[in-house]
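Student: Below is the file query-v9.txt, which contains compact mmCIF, C-alpha atoms.
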# COMPACT_ATOMS: atom_id res chain seq x y z
CA MET H 1 175.53 144.53 -171.25
CA THR H 2 176.90 142.35 -174.06
CA ALA H 3 180.63 142.70 -174.68
CA ALA H 4 181.87 143.90 -178.07
CA ILE H 5 182.63 141.24 -180.65
CA PRO H 6 186.35 140.41 -180.38
CA LYS H 7 188.55 141.19 -183.37
CA THR H 8 191.11 138.39 -182.91
CA ILE H 9 190.99 134.75 -181.88
CA GLU H 10 193.16 135.52 -178.84
CA ALA H 11 190.69 138.20 -177.73
CA TYR H 12 187.79 135.80 -178.25
CA LEU H 13 189.47 133.15 -176.11
CA GLU H 14 190.29 135.70 -173.41
CA GLN H 15 186.65 136.81 -173.28
CA LEU H 16 185.59 133.17 -173.06
CA ARG H 17 188.00 132.63 -170.18
CA GLU H 18 186.59 135.66 -168.37
CA ALA H 19 183.02 134.49 -169.00
CA LEU H 20 183.88 131.13 -167.44
CA ALA H 21 185.50 132.69 -164.38
CA GLY H 22 184.62 130.64 -161.31
CA ALA H 23 183.86 127.50 -163.31
CA ASP H 24 185.75 124.25 -162.86
CA ALA H 25 189.33 124.54 -164.13
CA ALA H 26 188.96 121.36 -166.20
CA LEU H 27 185.84 122.78 -167.85
CA ILE H 28 187.71 125.99 -168.71
CA GLN H 29 190.53 123.98 -170.28
CA ASP H 30 188.09 121.97 -172.42
CA ALA H 31 186.13 125.05 -173.52
CA LEU H 32 189.25 126.99 -174.51
CA TYR H 33 190.63 124.05 -176.48
CA ASP H 34 187.36 123.42 -178.32
CA ALA H 35 186.91 127.10 -179.15
CA GLU H 36 190.45 127.53 -180.43
CA GLU H 37 190.19 124.32 -182.48
CA TYR H 38 186.97 125.51 -184.10
CA LEU H 39 188.16 129.05 -184.77
CA ARG H 40 191.52 127.98 -186.19
CA SER H 41 189.85 125.44 -188.49
CA GLU H 42 187.37 128.06 -189.73
CA LEU H 43 190.23 130.48 -190.39
CA ALA H 44 192.18 127.81 -192.27
CA GLU H 45 189.17 127.01 -194.46
CA ASN H 46 188.74 130.69 -195.34
CA PRO H 47 192.29 131.95 -195.96
CA GLY H 48 191.15 135.09 -197.75
CA ARG H 49 189.15 136.45 -194.85
CA GLY H 50 190.43 138.33 -191.84
CA GLU H 51 189.94 137.29 -188.24
CA ALA H 52 187.62 140.21 -187.45
CA GLU H 53 185.27 139.37 -190.32
CA LEU H 54 185.30 135.69 -189.45
CA LEU H 55 184.62 136.30 -185.76
CA ALA H 56 181.69 138.55 -186.62
CA GLU H 57 180.05 135.56 -188.32
CA VAL H 58 181.14 133.13 -185.63
CA ALA H 59 179.35 135.24 -183.03
CA THR H 60 176.06 134.29 -184.73
CA SER H 61 176.89 130.63 -185.53
CA TYR H 62 179.27 129.26 -182.90
CA GLY H 63 178.21 131.91 -180.41
CA ALA H 64 179.63 134.89 -178.60
CA PRO H 65 182.01 134.09 -175.71
CA GLU H 66 179.30 134.70 -173.09
CA GLU H 67 176.84 132.44 -174.94
CA VAL H 68 179.43 129.68 -175.35
CA ALA H 69 180.25 129.90 -171.65
CA ASP H 70 176.57 129.48 -170.73
CA ILE H 71 176.25 126.49 -173.08
CA TYR H 72 179.27 124.79 -171.53
CA ARG H 73 177.94 125.35 -168.01
CA ASP H 74 174.55 123.88 -168.96
CA LYS H 75 176.05 120.90 -170.78
CA GLU H 76 178.44 120.24 -167.91
CA ALA H 77 175.57 120.12 -165.43
CA GLN H 78 173.70 117.68 -167.67
CA VAL H 79 176.74 115.44 -168.19
CA GLN H 80 177.60 115.36 -164.50
CA GLU H 81 174.02 114.49 -163.67
CA ALA H 82 174.05 111.65 -166.21
CA LEU H 83 177.41 110.27 -165.04
CA ARG H 84 176.63 110.51 -161.33
CA PRO H 85 176.04 107.01 -159.91
CA PRO H 86 172.62 106.41 -158.39
CA PRO H 87 172.53 107.41 -154.74
CA PRO H 88 172.58 104.51 -152.30
CA PRO H 89 169.43 103.91 -150.32
CA ALA H 90 169.20 105.98 -147.17
CA ARG H 91 170.62 104.13 -144.19
CA ARG H 92 170.07 105.60 -140.78
CA SER H 93 171.86 103.17 -138.51
CA LEU H 94 175.62 103.19 -138.14
CA LEU H 95 175.88 99.49 -138.97
CA ALA H 96 173.84 99.90 -142.15
CA ARG H 97 176.08 102.74 -143.32
CA PHE H 98 179.20 100.75 -142.48
CA PHE H 99 178.24 97.56 -144.30
CA GLY H 100 176.43 99.45 -147.09
CA VAL H 101 179.79 100.52 -148.52
CA GLY H 102 179.75 97.24 -150.44
CA ALA H 103 177.06 98.72 -152.70
CA ASP H 104 179.10 101.85 -153.50
CA PRO H 105 180.75 101.56 -156.96
CA ARG H 106 183.16 104.38 -156.12
CA ALA H 107 184.61 102.35 -153.25
CA TRP H 108 185.25 99.36 -155.52
CA ALA H 109 186.73 101.60 -158.22
CA ALA H 110 189.04 103.22 -155.68
CA LEU H 111 190.18 99.80 -154.47
CA PHE H 112 190.94 98.79 -158.06
CA TYR H 113 192.89 102.03 -158.55
CA MET H 114 194.95 101.28 -155.44
CA ILE H 115 195.92 97.90 -156.86
CA LEU H 116 196.67 99.40 -160.28
CA SER H 117 198.66 102.31 -158.84
CA LEU H 118 201.83 100.29 -158.34
CA ALA H 119 202.17 99.66 -162.08
CA THR H 120 201.25 103.22 -163.04
CA GLY H 121 203.47 104.64 -160.31
CA ILE H 122 206.51 102.71 -161.53
CA PHE H 123 205.85 103.78 -165.12
CA TYR H 124 205.29 107.46 -164.28
CA PHE H 125 208.35 107.61 -162.02
CA THR H 126 210.59 105.93 -164.59
CA TRP H 127 209.32 108.15 -167.40
CA ALA H 128 209.70 111.37 -165.39
CA VAL H 129 213.15 110.64 -163.97
CA THR H 130 214.58 109.22 -167.21
CA GLY H 131 213.16 112.00 -169.36
CA THR H 132 214.32 114.75 -167.00
CA SER H 133 217.82 113.26 -166.73
CA LEU H 134 218.19 112.88 -170.49
CA SER H 135 216.83 116.39 -171.09
CA LEU H 136 219.41 117.87 -168.72
CA GLY H 137 222.21 115.70 -170.08
CA LEU H 138 221.44 116.55 -173.70
CA SER H 139 220.89 120.26 -173.06
CA VAL H 140 224.44 121.07 -174.19
CA LEU H 141 223.81 119.48 -177.60
CA ILE H 142 221.97 120.97 -180.55
CA PHE H 143 219.08 118.51 -180.28
CA GLY H 144 218.74 118.99 -176.53
CA LEU H 145 215.90 121.52 -176.77
CA PRO H 146 213.83 119.47 -179.26
CA PHE H 147 214.23 116.41 -177.04
CA ALA H 148 213.21 118.33 -173.91
CA THR H 149 210.22 119.81 -175.74
CA LEU H 150 209.11 116.37 -176.91
CA PHE H 151 209.50 115.02 -173.38
CA ILE H 152 207.37 117.82 -171.88
CA ALA H 153 204.74 117.16 -174.56
CA THR H 154 204.59 113.49 -173.53
CA VAL H 155 204.27 114.51 -169.88
CA ARG H 156 201.25 116.64 -170.75
CA ALA H 157 199.74 113.77 -172.72
CA LEU H 158 200.25 111.38 -169.81
CA SER H 159 198.62 113.88 -167.45
CA LEU H 160 195.55 113.82 -169.69
CA VAL H 161 195.49 110.00 -169.58
CA GLU H 162 195.86 109.98 -165.81
CA GLY H 163 193.13 112.58 -165.54
CA ARG H 164 190.70 110.39 -167.47
CA LEU H 165 191.57 107.49 -165.17
CA ILE H 166 191.03 109.66 -162.09
CA GLU H 167 187.66 110.85 -163.38
CA ALA H 168 186.52 107.32 -164.19
CA MET H 169 187.60 105.89 -160.83
CA PHE H 170 186.87 108.74 -158.41
CA GLY H 171 184.30 110.87 -160.21
CA VAL H 172 186.52 113.98 -160.02
CA ARG H 173 186.04 116.29 -163.02
CA MET H 174 189.27 116.26 -165.03
CA PRO H 175 190.17 117.71 -168.45
CA ARG H 176 188.92 115.87 -171.52
CA ARG H 177 190.90 118.00 -173.95
CA PRO H 178 194.61 118.91 -174.09
CA LEU H 179 195.76 122.12 -172.50
CA TYR H 180 194.87 125.32 -174.37
CA ALA H 181 197.88 125.98 -176.62
CA ASP H 182 197.35 129.55 -177.86
CA ARG H 183 198.53 128.63 -181.35
CA GLY H 184 198.45 132.25 -182.42
CA LYS H 185 201.79 132.80 -180.68
CA PRO H 186 205.13 132.07 -182.37
CA LEU H 187 206.50 128.55 -181.95
CA MET H 188 209.32 129.58 -179.61
CA ALA H 189 206.91 131.54 -177.44
CA ARG H 190 204.70 128.47 -177.10
CA ILE H 191 207.69 126.28 -176.25
CA LYS H 192 208.77 128.80 -173.62
CA GLY H 193 205.24 128.80 -172.25
CA MET H 194 205.42 125.02 -171.75
CA PHE H 195 208.56 125.34 -169.65
CA VAL H 196 207.39 128.25 -167.51
CA ASP H 197 203.91 126.85 -166.95
CA PRO H 198 203.65 125.71 -163.29
CA ARG H 199 201.41 122.88 -164.48
CA THR H 200 204.36 121.26 -166.28
CA TRP H 201 206.41 120.99 -163.11
CA SER H 202 203.51 120.07 -160.86
CA THR H 203 202.71 117.24 -163.28
CA LEU H 204 206.29 116.01 -163.10
CA PHE H 205 206.11 116.18 -159.31
CA TYR H 206 202.88 114.15 -159.41
CA MET H 207 204.52 111.50 -161.61
CA VAL H 208 207.46 111.17 -159.21
CA LEU H 209 205.13 111.16 -156.20
CA MET H 210 203.08 108.33 -157.67
CA LEU H 211 205.84 105.78 -156.98
CA PRO H 212 205.75 106.01 -153.15
CA LEU H 213 201.99 106.51 -153.23
CA GLY H 214 201.58 103.53 -155.56
CA ILE H 215 203.65 101.33 -153.26
CA LEU H 216 201.61 102.46 -150.26
CA TYR H 217 198.24 102.04 -151.99
CA PHE H 218 199.14 98.64 -153.44
CA THR H 219 200.46 97.34 -150.13
CA VAL H 220 197.41 98.46 -148.18
CA ALA H 221 195.02 97.05 -150.79
CA ILE H 222 196.73 93.67 -151.22
CA VAL H 223 197.30 93.12 -147.49
CA GLY H 224 193.72 94.13 -146.72
CA VAL H 225 192.21 91.91 -149.43
CA ALA H 226 194.44 88.94 -148.59
CA LEU H 227 193.73 89.16 -144.86
CA SER H 228 190.00 89.56 -145.44
CA LEU H 229 189.89 86.55 -147.76
CA GLU H 230 191.90 84.50 -145.29
CA LEU H 231 189.41 85.26 -142.54
CA LEU H 232 186.45 84.58 -144.84
CA VAL H 233 187.65 81.47 -146.66
CA GLY H 234 190.00 79.97 -144.09
CA PRO H 235 187.34 78.63 -141.70
CA ILE H 236 185.36 77.12 -144.59
CA LEU H 237 188.45 75.32 -145.97
CA TYR H 238 189.40 74.17 -142.50
CA ALA H 239 185.93 72.77 -141.80
CA THR H 240 185.60 70.99 -145.16
CA THR H 241 189.13 69.91 -146.07
CA GLY H 242 191.23 70.41 -142.97
CA PHE H 243 193.39 72.90 -144.86
CA GLY H 244 195.01 75.35 -142.49
CA VAL H 245 195.81 72.82 -139.76
CA ILE H 246 199.37 73.06 -138.46
CA ASN H 247 201.00 69.85 -137.18
CA LEU H 248 203.80 70.20 -134.64
CA ASP H 249 205.19 67.23 -132.70
CA ASP H 250 202.20 65.06 -133.64
CA VAL H 251 199.83 67.73 -132.34
CA SER H 252 197.38 69.45 -134.73
CA TYR H 253 196.62 73.14 -134.33
CA GLY H 254 193.73 74.87 -136.06
CA ILE H 255 190.92 77.34 -135.56
CA PRO H 256 188.57 76.20 -132.81
CA LEU H 257 185.12 75.41 -134.10
CA TRP H 258 183.46 78.00 -131.88
CA LEU H 259 185.70 80.74 -133.32
CA GLU H 260 184.85 80.08 -136.97
CA PRO H 261 181.63 82.20 -137.08
CA LEU H 262 183.49 85.05 -135.39
CA THR H 263 186.29 84.75 -137.93
CA LEU H 264 183.81 85.02 -140.78
CA VAL H 265 182.25 88.14 -139.27
CA LEU H 266 185.69 89.64 -138.69
CA GLY H 267 186.57 89.03 -142.36
CA VAL H 268 183.45 90.87 -143.53
CA VAL H 269 184.11 93.75 -141.14
CA LEU H 270 187.73 94.04 -142.25
CA PHE H 271 186.81 94.07 -145.94
CA CYS H 272 184.13 96.73 -145.41
CA ALA H 273 186.67 98.79 -143.48
CA LEU H 274 189.06 98.40 -146.42
CA LEU H 275 186.39 99.68 -148.82
CA HIS H 276 185.78 102.69 -146.57
CA LEU H 277 189.53 103.36 -146.50
CA ALA H 278 189.74 103.01 -150.30
CA ARG H 279 186.88 105.46 -150.76
CA GLY H 280 188.57 107.96 -148.44
CA ILE H 281 191.86 107.55 -150.28
CA GLY H 282 189.97 108.14 -153.52
CA HIS H 283 188.63 111.48 -152.27
CA VAL H 284 192.07 112.63 -151.08
CA HIS H 285 193.95 111.40 -154.15
CA GLY H 286 191.36 112.90 -156.49
CA ALA H 287 191.81 116.29 -154.84
CA LEU H 288 195.60 115.94 -155.07
CA ALA H 289 195.45 115.04 -158.76
CA LYS H 290 193.09 117.95 -159.41
CA GLN H 291 195.51 120.36 -157.77
CA LEU H 292 198.66 119.11 -159.49
CA LEU H 293 197.38 118.11 -162.94
CA VAL H 294 194.77 120.78 -163.69
CA LYS H 295 195.02 124.05 -161.80
CA THR H 296 197.50 126.55 -163.14
CA ALA H 297 198.27 130.19 -162.50
CA GLN H 298 196.39 131.22 -165.66
CA TYR H 299 193.12 129.97 -164.16
Take the structure I supplied and represent it as structure tokens, if you would.
Tutor:
Amino acid sequence: MTAAIPKTIEAYLEQLREALAGADAALIQDALYDAEEYLRSELAENPGRGEAELLAEVATSYGAPEEVADIYRDKEAQVQEALRPPPPPARRSLLARFFGVGADPRAWAALFYMILSLATGIFYFTWAVTGTSLSLGLSVLIFGLPFATLFIATVRALSLVEGRLIEAMFGVRMPRRPLYADRGKPLMARIKGMFVDPRTWSTLFYMVLMLPLGILYFTVAIVGVALSLELLVGPILYATTGFGVINLDDVSYGIPLWLEPLTLVLGVVLFCALLHLARGIGHVHGALAKQLLVKTAQY
């Protein structure tokens, strides 16, 4: 049975939320933002018309909440199918699956994210700690609340940027629109909602957490890459140029010739193991980001 046409924008958005129950939280956030943006713009372009009259027409043009929810589900399935990387060829043997990780773009993207995470971790940590400290310190002054509100707004914007990075690197569905703002509420009510929203504080926690995680990811990635390259390139340089020979007391020490093929194989194995580790870290970190940056009590 089709639900009655809502009389207010807030009721329309609530029906849309209910129609999308069980869908991905990021999809719900995008759908609510798009719907509110469209409805508010239509209302602004027709100032002499009431919300009920406008929504009655919107139900036939933009669509009723249930229809919009179905459209978003269908489009999401199509987009995810288009963005999904081609599946790797089936490999039955254990060795083929182990060395085949080199053909997985998600593994390479995760390795790149691990290297990048030190810079982003330092930035997020500095921004979160400095902004929180200044907000608390300025809270006794008249411009303390505006400053804290602006800081929280930047935190939400950074969470959207990080979400896009997470989705590009790990393939985890993240929001592509800002958080639904419910602009029908008074300004102070919306500001209060920002501070009581668990997502605000979980995002701050994520930004602080990114510093130790970034240090860990960067260290593992750089040490793994450097050691792998040393094992791969070292024997070749030693055989062609003599680079890598250590001279002590007129005695030269280097890699024995019979060990060089084994060293090359060990370098390949170590690098493939690093790619497997990076891909696993990508799955875990993507789930962590999804939990802290997207899911809120209202979903």
Student: Nearest residue to Phe112 of chain H out of H:Ala26, H:Leu274, H:Ala153, H:Leu204, using all atoms listed in the file?
Tutor: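 Under the stated criterion, the closest residue is H:Leu274.
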Student: How would you write as a PyMOL selection string the residues that get within 6 Å of (184.9, 101.5, -151.4) in the file's frame, counting all atoms listed in the file?
Tutor: chain H and resi 101+106-108+275-276+278-279
Student: Which residue is closest to Phe271 of chain H? Choose from H:Leu136, H:Leu111, H:Leu145, H:Ala128 and count only C-alpha atoms.
Tutor: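 Of H:Leu136, H:Leu111, H:Leu145, H:Ala128, the one nearest Phe271 of chain H, counting only C-alpha atoms, is H:Leu111.
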Student: Interatomic distance between atom CA of Gly224 of chain H and atom CA of Phe98 of chain H?
Tutor: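 Atom-to-atom, atom CA of Gly224 of chain H to atom CA of Phe98 of chain H, that is 16.5 Å.
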Student: Atom CA of Leu277 of chain H and atom CA of Ala25 of chain H, how far apart in Å?
Tutor: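 It comes out at 27.6 Å.
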Student: Considering all atoms listed in the file, state which residue in the set H:Phe205, H:Glu67, H:His285, H:Ile152 is at the smallest distance from Lys192 of chain H.
Tutor: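 Ranking H:Phe205, H:Glu67, H:His285, H:Ile152 by distance to Lys192 of chain H, first place goes to H:Ile152.
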Student: Of the candidates H:Gly171, H:Ser228, H:Leu187, H:Val220, which shows the shortest atom-to-atom distance to Glu81 of chain H, using only C-alpha atoms?
Tutor: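 Among H:Gly171, H:Ser228, H:Leu187, H:Val220, it is H:Gly171 that comes nearest to Glu81 of chain H.
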Student: Starting from the point (177.1, 100.3, -141.6), work out which residues of protein, DNA or RNA have an atom no more than 12 Å away when counting all atoms listed in the file; state them as a ChimeraX atom specification.
Tutor: /H:90-103,268-269,272-273,275-276
